[in-house]
$ cat structure_7.tsv   # TSV, C-alpha atoms
chain	number	residue	atom	x	y	z
A	1	MET	CA	17.46	-103.11	-33.53
A	2	ASN	CA	18.20	-99.40	-33.77
A	3	LEU	CA	17.06	-97.62	-30.62
A	4	ASP	CA	18.40	-94.20	-31.60
A	5	PRO	CA	15.11	-92.63	-32.83
A	6	LEU	CA	13.37	-93.69	-29.61
A	7	LEU	CA	16.24	-92.42	-27.45
A	8	LEU	CA	16.27	-89.12	-29.32
A	9	TRP	CA	12.52	-88.76	-28.80
A	10	ILE	CA	12.89	-89.42	-25.05
A	11	GLU	CA	15.71	-86.90	-24.73
A	12	ASN	CA	13.53	-84.26	-26.39
A	13	THR	CA	10.55	-84.70	-24.07
A	14	ALA	CA	9.88	-81.88	-21.64
A	15	LEU	CA	10.40	-84.20	-18.65
A	16	SER	CA	13.82	-85.34	-19.84
A	17	LYS	CA	14.93	-81.79	-20.58
A	18	TRP	CA	13.70	-80.59	-17.19
A	19	LEU	CA	15.56	-83.39	-15.36
A	20	VAL	CA	18.81	-82.69	-17.20
A	21	GLU	CA	18.75	-78.91	-17.49
A	22	SER	CA	16.89	-77.61	-14.45
A	23	PRO	CA	19.19	-75.92	-11.92
A	24	SER	CA	16.68	-76.82	-9.18
A	25	LEU	CA	17.79	-79.21	-6.44
A	26	LEU	CA	14.29	-80.70	-6.77
A	27	ALA	CA	15.10	-82.01	-10.26
A	28	PHE	CA	18.01	-84.40	-10.88
A	29	PRO	CA	19.61	-84.16	-7.38
A	30	THR	CA	16.39	-85.15	-5.59
A	31	VAL	CA	15.90	-88.16	-7.87
A	32	LEU	CA	19.49	-89.24	-7.13
A	33	ILE	CA	18.91	-88.87	-3.38
A	34	LEU	CA	15.70	-90.92	-3.50
A	35	HIS	CA	17.54	-93.59	-5.52
A	36	ALA	CA	20.28	-93.82	-2.86
A	37	ILE	CA	17.78	-93.99	0.03
A	38	GLY	CA	15.69	-96.63	-1.74
A	39	MET	CA	18.88	-98.61	-2.37
A	40	GLY	CA	19.77	-98.50	1.32
A	41	PHE	CA	16.39	-99.89	2.34
A	42	ALA	CA	15.94	-102.44	-0.48
A	43	ALA	CA	19.47	-103.89	-0.70
A	44	GLY	CA	20.22	-103.22	2.97
A	45	ILE	CA	17.17	-105.00	4.37
A	46	ALA	CA	17.59	-107.84	1.86
A	47	VAL	CA	21.12	-108.38	3.20
A	48	MET	CA	19.88	-108.23	6.83
A	49	PHE	CA	17.35	-110.94	5.91
A	50	ASP	CA	20.13	-112.99	4.28
A	51	LEU	CA	22.21	-112.66	7.46
A	52	ARG	CA	19.22	-113.80	9.56
A	53	VAL	CA	18.80	-116.84	7.27
A	54	LEU	CA	22.52	-117.59	7.67
A	55	GLY	CA	22.08	-117.73	11.44
A	56	VAL	CA	22.90	-114.21	12.67
A	57	ALA	CA	20.26	-113.07	15.20
A	58	PRO	CA	18.70	-116.57	15.49
A	59	HIS	CA	16.13	-115.46	18.09
A	60	VAL	CA	14.38	-113.14	15.62
A	61	PRO	CA	11.28	-115.10	14.52
A	62	PHE	CA	10.86	-115.06	10.74
A	63	ALA	CA	7.20	-114.13	11.22
A	64	ALA	CA	8.35	-110.87	12.87
A	65	MET	CA	10.08	-109.88	9.61
A	66	ARG	CA	6.84	-109.74	7.63
A	67	ARG	CA	6.47	-105.96	7.87
A	68	LEU	CA	10.19	-105.49	7.24
A	69	PHE	CA	9.66	-107.11	3.84
A	70	THR	CA	7.01	-104.45	3.17
A	71	VAL	CA	9.64	-101.76	3.86
A	72	LEU	CA	12.07	-103.60	1.56
A	73	TRP	CA	9.47	-103.66	-1.25
A	74	ALA	CA	8.72	-99.97	-0.66
A	75	GLY	CA	12.43	-99.27	-1.17
A	76	PHE	CA	12.36	-101.37	-4.33
A	77	TRP	CA	9.37	-99.51	-5.82
A	78	LEU	CA	10.87	-96.15	-4.85
A	79	ASN	CA	13.95	-97.18	-6.82
A	80	ALA	CA	11.99	-98.54	-9.76
A	81	ALA	CA	10.29	-95.12	-10.01
A	82	SER	CA	13.39	-92.98	-9.39
A	83	GLY	CA	15.41	-95.30	-11.66
A	84	LEU	CA	12.89	-94.79	-14.48
A	85	LEU	CA	13.30	-91.03	-14.07
A	86	LEU	CA	17.11	-91.34	-14.20
A	87	LEU	CA	16.72	-93.50	-17.32
A	88	TRP	CA	14.35	-90.92	-18.84
A	89	ALA	CA	16.96	-88.20	-18.19
A	90	TYR	CA	19.88	-90.08	-19.80
A	91	PRO	CA	18.44	-92.99	-21.86
A	92	THR	CA	21.39	-93.21	-24.29
A	93	LYS	CA	23.92	-93.27	-21.48
A	94	ALA	CA	22.23	-96.26	-19.80
A	95	LEU	CA	20.89	-98.29	-22.71
A	96	THR	CA	24.13	-98.30	-24.73
A	97	ASN	CA	26.10	-99.60	-21.72
A	98	PRO	CA	26.19	-103.39	-21.11
A	99	VAL	CA	26.88	-102.76	-17.41
A	100	PHE	CA	23.36	-101.26	-17.12
A	101	TYR	CA	21.79	-104.54	-18.29
A	102	LEU	CA	24.02	-106.48	-15.89
A	103	LYS	CA	22.74	-104.25	-13.06
A	104	LEU	CA	19.09	-104.90	-14.04
A	105	VAL	CA	19.66	-108.67	-14.17
A	106	LEU	CA	21.35	-108.69	-10.75
A	107	ILE	CA	18.47	-106.68	-9.22
A	108	ALA	CA	15.90	-108.97	-10.85
A	109	VAL	CA	17.63	-112.09	-9.46
A	110	GLY	CA	17.98	-110.38	-6.05
A	111	MET	CA	14.27	-109.51	-5.88
A	112	VAL	CA	13.14	-112.97	-7.10
A	113	LEU	CA	15.30	-114.46	-4.32
A	114	VAL	CA	13.76	-112.08	-1.73
A	115	ALA	CA	10.25	-113.00	-2.90
A	116	ARG	CA	10.84	-116.76	-2.86
A	117	MET	CA	12.90	-116.90	0.33
A	118	SER	CA	10.52	-114.67	2.29
A	119	ARG	CA	7.54	-116.74	1.09
A	120	ASP	CA	9.29	-119.93	2.24
A	121	VAL	CA	10.29	-118.70	5.70
A	122	LEU	CA	6.88	-117.09	6.35
A	123	ARG	CA	5.07	-120.28	5.35
A	124	ASP	CA	7.27	-122.30	7.71
A	125	ALA	CA	6.87	-119.63	10.41
A	126	ASP	CA	3.08	-119.90	10.22
A	127	ARG	CA	3.39	-123.63	10.97
A	128	GLN	CA	5.62	-122.91	13.98
A	129	VAL	CA	3.39	-120.38	15.73
A	130	GLY	CA	3.95	-120.54	19.46
A	131	LEU	CA	7.45	-121.99	19.24
A	132	THR	CA	10.03	-119.86	21.00
A	133	ALA	CA	13.12	-121.89	20.09
A	134	PRO	CA	15.47	-120.23	17.60
A	135	GLN	CA	14.43	-120.98	14.03
A	136	THR	CA	17.05	-122.20	11.62
A	137	ALA	CA	16.85	-122.14	7.83
A	138	SER	CA	17.47	-125.07	5.50
A	139	THR	CA	20.80	-125.56	3.71
A	140	ARG	CA	19.04	-124.66	0.44
A	141	LEU	CA	17.88	-121.32	1.88
A	142	ARG	CA	21.33	-120.60	3.26
A	143	ARG	CA	22.85	-121.11	-0.19
A	144	LEU	CA	20.25	-118.77	-1.70
A	145	ALA	CA	21.06	-116.19	1.00
A	146	ILE	CA	24.73	-116.20	-0.06
A	147	LEU	CA	23.70	-115.89	-3.71
A	148	SER	CA	21.42	-112.99	-2.74
A	149	MET	CA	24.23	-111.10	-0.99
A	150	VAL	CA	26.49	-111.60	-4.03
A	151	CYS	CA	23.71	-110.23	-6.29
A	152	TRP	CA	23.19	-107.12	-4.16
A	153	ALA	CA	26.91	-106.36	-3.87
A	154	GLY	CA	27.14	-106.82	-7.65
A	155	ALA	CA	24.07	-104.67	-8.38
A	156	VAL	CA	25.35	-101.82	-6.21
A	157	THR	CA	28.83	-102.02	-7.76
A	158	ALA	CA	27.43	-102.16	-11.30
A	159	GLY	CA	25.25	-99.15	-10.53
A	160	ARG	CA	28.21	-97.15	-9.28
A	161	LEU	CA	30.37	-98.13	-12.26
A	162	LEU	CA	27.75	-96.79	-14.71
A	163	ALA	CA	29.34	-93.37	-14.25
A	164	TYR	CA	32.70	-94.74	-15.43
A	165	THR	CA	31.78	-97.21	-18.18
A	166	TYR	CA	29.35	-95.43	-20.53
A	167	HIS	CA	30.30	-94.81	-24.16
A	168	ARG	CA	27.71	-92.23	-25.24
A	169	LEU	CA	26.05	-89.69	-22.98
A	170	THR	CA	23.27	-88.43	-25.30
A	171	GLN	CA	22.06	-88.66	-28.90
A	172	ALA	CA	23.17	-85.07	-29.47
A	173	GLU	CA	26.75	-86.30	-29.61
A	174	ILE	CA	26.22	-88.00	-32.97
A	175	PHE	CA	23.70	-85.71	-34.63
B	1	MET	CA	40.38	-70.60	16.78
B	2	ASP	CA	40.03	-69.44	13.21
B	3	LEU	CA	38.08	-72.13	11.39
B	4	HIS	CA	38.98	-70.74	7.97
B	5	ALA	CA	42.70	-71.05	8.75
B	6	LEU	CA	42.12	-74.57	10.02
B	7	GLN	CA	40.39	-75.53	6.76
B	8	VAL	CA	43.23	-74.07	4.68
B	9	ALA	CA	45.85	-75.83	6.82
B	10	LEU	CA	43.98	-79.16	6.50
B	11	VAL	CA	43.85	-78.91	2.71
B	12	LYS	CA	47.54	-77.96	2.51
B	13	GLY	CA	48.60	-80.67	4.92
B	14	ILE	CA	46.63	-83.36	3.10
B	15	TYR	CA	47.98	-82.34	-0.31
B	16	ALA	CA	51.52	-82.44	1.09
B	17	HIS	CA	51.30	-85.78	2.89
B	18	SER	CA	48.40	-87.81	1.45
B	19	PRO	CA	49.35	-91.49	1.58
B	20	VAL	CA	46.57	-92.67	-0.73
B	21	ALA	CA	46.32	-90.12	-3.57
B	22	ASP	CA	48.48	-92.14	-5.97
B	23	LEU	CA	46.42	-95.27	-5.39
B	24	MET	CA	43.14	-93.36	-5.82
B	25	HIS	CA	44.35	-91.78	-9.07
B	26	THR	CA	44.84	-95.16	-10.76
B	27	ARG	CA	42.20	-96.10	-13.35
B	28	TRP	CA	39.93	-98.06	-10.99
B	29	GLY	CA	41.00	-96.68	-7.59
B	30	TRP	CA	38.25	-94.10	-7.23
B	31	PRO	CA	35.41	-96.20	-8.76
B	32	ILE	CA	36.22	-99.18	-6.51
B	33	ALA	CA	36.31	-96.96	-3.40
B	34	GLU	CA	32.94	-95.49	-4.45
B	35	SER	CA	31.43	-98.94	-4.91
B	36	LEU	CA	32.63	-99.95	-1.44
B	37	HIS	CA	31.17	-96.70	-0.07
B	38	PHE	CA	27.74	-97.60	-1.47
B	39	ILE	CA	27.95	-101.22	-0.24
B	40	GLY	CA	28.81	-99.89	3.22
B	41	LEU	CA	25.83	-97.52	2.95
B	42	CYS	CA	23.52	-100.50	2.33
B	43	LEU	CA	24.89	-102.39	5.33
B	44	LEU	CA	24.58	-99.33	7.58
B	45	VAL	CA	21.10	-98.25	6.44
B	46	GLY	CA	19.80	-101.83	6.30
B	47	CYS	CA	21.00	-102.50	9.84
B	48	VAL	CA	20.17	-99.15	11.44
B	49	GLY	CA	16.84	-99.07	9.60
B	50	THR	CA	15.89	-102.56	10.77
B	51	PHE	CA	16.84	-101.84	14.38
B	52	ASP	CA	15.28	-98.35	14.54
B	53	LEU	CA	12.04	-99.54	12.95
B	54	ARG	CA	11.96	-102.35	15.54
B	55	LEU	CA	12.36	-99.80	18.35
B	56	LEU	CA	9.45	-97.92	16.79
B	57	GLY	CA	7.35	-101.09	16.97
B	58	LEU	CA	7.76	-102.77	13.58
B	59	GLY	CA	7.82	-106.57	14.03
B	60	ARG	CA	7.37	-106.31	17.80
B	61	THR	CA	7.28	-110.09	18.36
B	62	ALA	CA	11.06	-110.09	17.86
B	63	PRO	CA	12.87	-109.32	21.14
B	64	ILE	CA	14.84	-106.07	20.75
B	65	ALA	CA	18.01	-107.74	22.04
B	66	ALA	CA	17.62	-110.43	19.35
B	67	VAL	CA	17.42	-107.83	16.55
B	68	HIS	CA	20.43	-106.08	18.10
B	69	ARG	CA	22.59	-109.05	17.05
B	70	LEU	CA	22.62	-107.52	13.55
B	71	ILE	CA	24.37	-104.35	14.80
B	72	PRO	CA	27.98	-105.58	14.18
B	73	PHE	CA	27.16	-105.63	10.46
B	74	GLY	CA	25.99	-102.01	10.63
B	75	ILE	CA	29.26	-101.16	12.36
B	76	LEU	CA	31.10	-103.03	9.59
B	77	GLY	CA	29.28	-100.84	7.06
B	78	PHE	CA	30.28	-97.74	9.02
B	79	VAL	CA	33.93	-98.82	9.12
B	80	ILE	CA	33.92	-99.53	5.35
B	81	ASN	CA	32.47	-96.07	4.76
B	82	ALA	CA	34.74	-94.23	7.17
B	83	THR	CA	37.74	-95.85	5.43
B	84	SER	CA	36.61	-95.26	1.85
B	85	GLY	CA	35.34	-91.78	2.79
B	86	LEU	CA	38.71	-90.89	4.29
B	87	MET	CA	40.36	-92.05	1.05
B	88	PHE	CA	38.24	-89.57	-0.95
B	89	LEU	CA	39.05	-86.81	1.53
B	90	LEU	CA	42.78	-87.57	1.48
B	91	THR	CA	42.81	-87.48	-2.33
B	92	GLU	CA	40.73	-84.38	-3.14
B	93	PRO	CA	40.69	-82.41	0.15
B	94	GLU	CA	39.55	-79.15	-1.50
B	95	GLN	CA	36.44	-80.83	-2.89
B	96	TYR	CA	35.30	-81.75	0.63
B	97	ILE	CA	36.78	-79.31	3.15
B	98	TYR	CA	35.27	-76.30	1.32
B	99	ASN	CA	32.04	-78.04	0.22
B	100	PRO	CA	28.89	-76.90	2.13
B	101	SER	CA	27.25	-80.24	1.37
B	102	PHE	CA	30.17	-81.99	3.09
B	103	HIS	CA	29.75	-79.71	6.13
B	104	PHE	CA	26.07	-80.73	6.22
B	105	LYS	CA	27.04	-84.40	5.94
B	106	VAL	CA	29.62	-84.24	8.75
B	107	LEU	CA	27.15	-82.35	10.97
B	108	PHE	CA	24.60	-85.16	10.65
B	109	LEU	CA	27.31	-87.82	11.04
B	110	MET	CA	28.09	-86.23	14.42
B	111	ILE	CA	24.39	-86.02	15.35
B	112	GLY	CA	23.94	-89.67	14.34
B	113	GLY	CA	26.99	-90.70	16.37
B	114	LEU	CA	26.01	-88.74	19.50
B	115	ASN	CA	22.46	-90.03	19.17
B	116	ALA	CA	23.67	-93.66	19.07
B	117	GLY	CA	25.86	-92.97	22.10
B	118	THR	CA	22.84	-91.53	23.93
B	119	PHE	CA	20.90	-94.70	23.16
B	120	TYR	CA	23.46	-96.95	24.81
B	121	LEU	CA	23.91	-94.61	27.79
B	122	THR	CA	20.19	-94.21	28.52
B	123	SER	CA	18.32	-97.25	27.27
B	124	TYR	CA	20.73	-100.16	27.27
B	125	ARG	CA	19.76	-101.58	30.67
B	126	GLN	CA	16.02	-101.32	30.08
B	127	LEU	CA	16.15	-103.01	26.66
B	128	PHE	CA	18.76	-105.69	27.25
B	129	GLY	CA	18.38	-106.52	30.93
B	130	PRO	CA	16.66	-109.65	32.30
B	131	GLU	CA	13.23	-107.99	32.51
B	132	ALA	CA	13.39	-106.34	29.09
B	133	SER	CA	10.02	-105.49	27.59
B	134	LEU	CA	8.95	-105.96	23.95
B	135	ASP	CA	8.01	-102.28	23.80
B	136	ALA	CA	10.77	-99.71	23.70
B	137	PRO	CA	10.31	-96.74	26.07
B	138	PHE	CA	9.25	-93.43	24.52
B	139	ARG	CA	12.79	-92.07	24.92
B	140	ALA	CA	14.21	-94.90	22.79
B	141	LYS	CA	11.57	-94.23	20.12
B	142	VAL	CA	12.63	-90.59	19.95
B	143	ILE	CA	16.25	-91.72	19.58
B	144	ALA	CA	15.25	-94.15	16.82
B	145	THR	CA	13.44	-91.37	14.92
B	146	VAL	CA	16.43	-89.02	15.26
B	147	SER	CA	18.69	-91.84	14.08
B	148	LEU	CA	16.63	-92.59	10.94
B	149	CYS	CA	16.43	-88.89	10.07
B	150	SER	CA	20.11	-88.15	10.66
B	151	TRP	CA	21.39	-91.10	8.56
B	152	MET	CA	18.99	-90.05	5.81
B	153	CYS	CA	20.49	-86.53	6.00
B	154	VAL	CA	23.98	-88.05	5.75
B	155	ILE	CA	22.90	-89.65	2.45
B	156	VAL	CA	21.43	-86.34	1.26
B	157	GLY	CA	24.68	-84.51	2.05
B	158	GLY	CA	26.75	-87.19	0.33
B	159	ARG	CA	24.63	-87.29	-2.78
B	160	LEU	CA	24.61	-83.49	-3.11
B	161	LEU	CA	28.44	-83.14	-2.91
B	162	THR	CA	28.85	-82.91	-6.67
B	163	PHE	CA	26.21	-80.15	-6.92
B	164	PHE	CA	28.06	-77.91	-4.44
B	165	ARG	CA	31.59	-78.15	-5.77
B	166	PRO	CA	33.49	-75.20	-4.25
B	167	GLY	CA	34.88	-72.56	-6.60
B	168	ILE	CA	37.59	-69.97	-6.04
B	169	CYS	CA	36.80	-67.37	-3.34
B	170	ASP	CA	35.71	-63.95	-4.49
B	171	GLY	CA	35.86	-61.13	-1.93
B	172	VAL	CA	35.75	-61.30	1.88
B	173	GLN	CA	34.32	-64.50	3.42
B	174	ASN	CA	32.29	-63.93	6.59
B	175	ALA	CA	30.55	-67.29	7.01
B	176	LEU	CA	31.54	-69.61	9.87
B	177	LEU	CA	33.17	-72.03	7.42
B	178	LEU	CA	34.82	-71.36	4.06
B	179	THR	CA	32.72	-72.65	1.17
B	180	CYS	CA	35.22	-71.73	-1.54
B	181	ALA	CA	38.94	-72.25	-2.12
B	182	PRO	CA	40.96	-69.14	-1.16
$ encode --input "structure_7.tsv" --output "structure tokens"
Amino acid sequence: MNLDPLLLWIENTALSKWLVESPSLLAFPTVLILHAIGMGFAAGIAVMFDLRVLGVAPHVPFAAMRRLFTVLWAGFWLNAASGLLLLWAYPTKALTNPVFYLKLVLIAVGMVLVARMSRDVLRDADRQVGLTAPQTASTRLRRLAILSMVCWAGAVTAGRLLAYTYHRLTQAEIF
Amino acid sequence: MDLHALQVALVKGIYAHSPVADLMHTRWGWPIAESLHFIGLCLLVGCVGTFDLRLLGLGRTAPIAAVHRLIPFGILGFVINATSGLMFLLTEPEQYIYNPSFHFKVLFLMIGGLNAGTFYLTSYRQLFGPEASLDAPFRAKVIATVSLCSWMCVIVGGRLLTFFRPGICDGVQNALLLTCAP
């Protein structure tokens, strides 16, 4: 499938041109900043949850983490939005680089793990209301927590390497 | 003390003696250090964010001392970032020492550090003692807010570095710190 006409169209939209060409700090730099902050909250809180599942901070009840998951999801949606803007600014750069697809897959697996693991621990937590003993997670959840941490480290690394592994920056290079 | 002279001396000294520049100039040296810097950021923000939000009342059924058990991982993130950050600085000193965005970043690193120190000096006993309450005192909530804001500013300063690359100085420089290479 030849994506070039679509990529060329995106790069010629007013939004894409503004993101790339505007000297304003409110254009590209602000989107980058939001993407870094969202990453800190999404990946960072996911890893804190993984650590809790692995037995760090055992006296934190899983039920108490419910609103923390909301913050995590807010970080994720902030990054989905800011990521779309970054993609709109440089679609050729991202979509012609296999590392970009690897990053998306790692994030998808990471978020599916967050969704499933948080659902599991909250369901169990609801059954244990009133218990004050430290809650431990099953061996299965612990394995998923390790997988989750590997995914987030991989997603962050893949994201950073995008700046070093792309082959084509824009369509203009070949036209 | 002339800060401009200090900046110039730092850049010169680092260029003359940097122990890591050769390593960082290899094909993957810089990218790997950057990846570690972002992984450390996640650990630090995830940990500090979780703890500060707890002080502010998010998930208040978790005892504050219990959440505090995550702090070593935030410190690990900080150590990873101090190390990788120092490697950038020791490789391209001009790009940082004369960069106003780096000055901004270091300022908020110091505020964040002093703020964390203030927390342990003023609130430790109340929050971790035998009669610790589930609600943090107002003072600790102020500290948590300052903490969240200052680490956010550190990210802003870091992310803006490339947009404030210092050029060559033109004319007399009167600002407190040099923001161009003499």
$ interface_residues --input "structure_7.tsv" --of "chain A" --to "chain B" --cutoff "10 Å" --atoms "all atoms listed in the file" --output "ChimeraX atom specification"
/A:23,25,29-30,32-49,51-52,56-68,71-72,152-164
$ atom_distance --input "structure_7.tsv" --atom1 "CA of Leu106 (chain A)" --atom2 "CA of Leu7 (chain A)"
23.9 Å
$ atom_distance --input "structure_7.tsv" --atom1 "CA of Ala181 (chain B)" --atom2 "CA of Tyr15 (chain B)"
13.7 Å
$ residues_around --input "structure_7.tsv" --residues "Leu10 (chain B)" --least-positions-apart "4" --cutoff "9 Å" --atoms "all atoms listed in the file" --output "PyMOL selection string"
chain B and resi 5-6+14-15+93+97
$ residues_around --input "structure_7.tsv" --residues "Leu87 (chain A)" --least-positions-apart "3" --cutoff "12 Å" --atoms "all atoms listed in the file" --output "PyMOL selection string"
chain A and resi 7+10-11+15-16+19-20+28+31-32+35+79-84+90-96+100+162+169-170
$ atom_distance --input "structure_7.tsv" --atom1 "CA of Gly13 (chain B)" --atom2 "CA of Pro182 (chain B)"
15.1 Å
$ closest_residue --input "structure_7.tsv" --among "B:Leu134, B:Leu177, B:Leu90, B:Ala82" --to "Leu109 (chain B)" --atoms "all atoms listed in the file"
B:Ala82
$ residues_around --input "structure_7.tsv" --residues "Pro19 (chain B)" --least-positions-apart "5" --cutoff "12 Å" --atoms "all atoms listed in the file" --output "CSV table (one decimal) with C-alpha atoms, in the coordinates of the input"
chain,number,residue,atom,x,y,z
B,13,GLY,CA,48.6,-80.7,4.9
B,14,ILE,CA,46.6,-83.4,3.1
B,24,MET,CA,43.1,-93.4,-5.8
B,25,HIS,CA,44.4,-91.8,-9.1
B,86,LEU,CA,38.7,-90.9,4.3
B,87,MET,CA,40.4,-92.0,1.0
B,88,PHE,CA,38.2,-89.6,-1.0
B,89,LEU,CA,39.0,-86.8,1.5
B,90,LEU,CA,42.8,-87.6,1.5
B,91,THR,CA,42.8,-87.5,-2.3
$ closest_residue --input "structure_7.tsv" --among "A:Val53, A:Leu104, A:Leu144, A:Gln171" --to "Leu122 (chain A)" --atoms "all atoms listed in the file"
A:Val53
$ closest_residue --input "structure_7.tsv" --among "B:Val106, B:Glu131, B:Ala116, B:His4" --to "Val172 (chain B)" --atoms "only C-alpha atoms"
B:His4
$ closest_residue --input "structure_7.tsv" --among "A:Ala74, A:Leu26, A:Ala89, A:Val150" --to "Ala14 (chain A)" --atoms "all atoms listed in the file"
A:Ala89
$ build_atoms --input "structure_7.tsv" --residues "region 157-170 of chain A" --atoms "N, CA and C atoms" --output "compact mmCIF listing (two decimals), in the frame of the given file"
# COMPACT_ATOMS: atom_id res chain seq x y z
N THR A 157 27.57 -102.33 -7.08
CA THR A 157 28.83 -102.02 -7.76
C THR A 157 28.58 -101.65 -9.22
N ALA A 158 27.73 -102.46 -9.89
CA ALA A 158 27.43 -102.16 -11.30
C ALA A 158 26.80 -100.78 -11.42
N GLY A 159 25.90 -100.46 -10.51
CA GLY A 159 25.25 -99.15 -10.53
C GLY A 159 26.26 -98.02 -10.41
N ARG A 160 27.20 -98.19 -9.49
CA ARG A 160 28.21 -97.15 -9.28
C ARG A 160 29.14 -97.01 -10.49
N LEU A 161 29.43 -98.17 -11.14
CA LEU A 161 30.37 -98.13 -12.26
C LEU A 161 29.74 -97.56 -13.53
N LEU A 162 28.39 -97.37 -13.53
CA LEU A 162 27.75 -96.79 -14.71
C LEU A 162 28.36 -95.43 -15.06
N ALA A 163 28.78 -94.70 -14.03
CA ALA A 163 29.34 -93.37 -14.25
C ALA A 163 30.71 -93.44 -14.92
N TYR A 164 31.33 -94.62 -14.91
CA TYR A 164 32.70 -94.74 -15.43
C TYR A 164 32.79 -95.58 -16.69
N THR A 165 31.68 -96.23 -17.09
CA THR A 165 31.78 -97.21 -18.18
C THR A 165 30.94 -96.85 -19.40
N TYR A 166 30.22 -95.72 -19.38
CA TYR A 166 29.35 -95.43 -20.53
C TYR A 166 30.16 -94.94 -21.73
N HIS A 167 29.60 -95.20 -22.93
CA HIS A 167 30.30 -94.81 -24.16
C HIS A 167 29.71 -93.54 -24.76
N ARG A 168 28.38 -93.41 -24.66
CA ARG A 168 27.71 -92.23 -25.24
C ARG A 168 26.78 -91.64 -24.20
N LEU A 169 26.89 -90.33 -23.99
CA LEU A 169 26.05 -89.69 -22.98
C LEU A 169 24.65 -89.41 -23.51
N THR A 170 24.57 -88.78 -24.70
CA THR A 170 23.27 -88.43 -25.30
C THR A 170 23.31 -88.64 -26.80
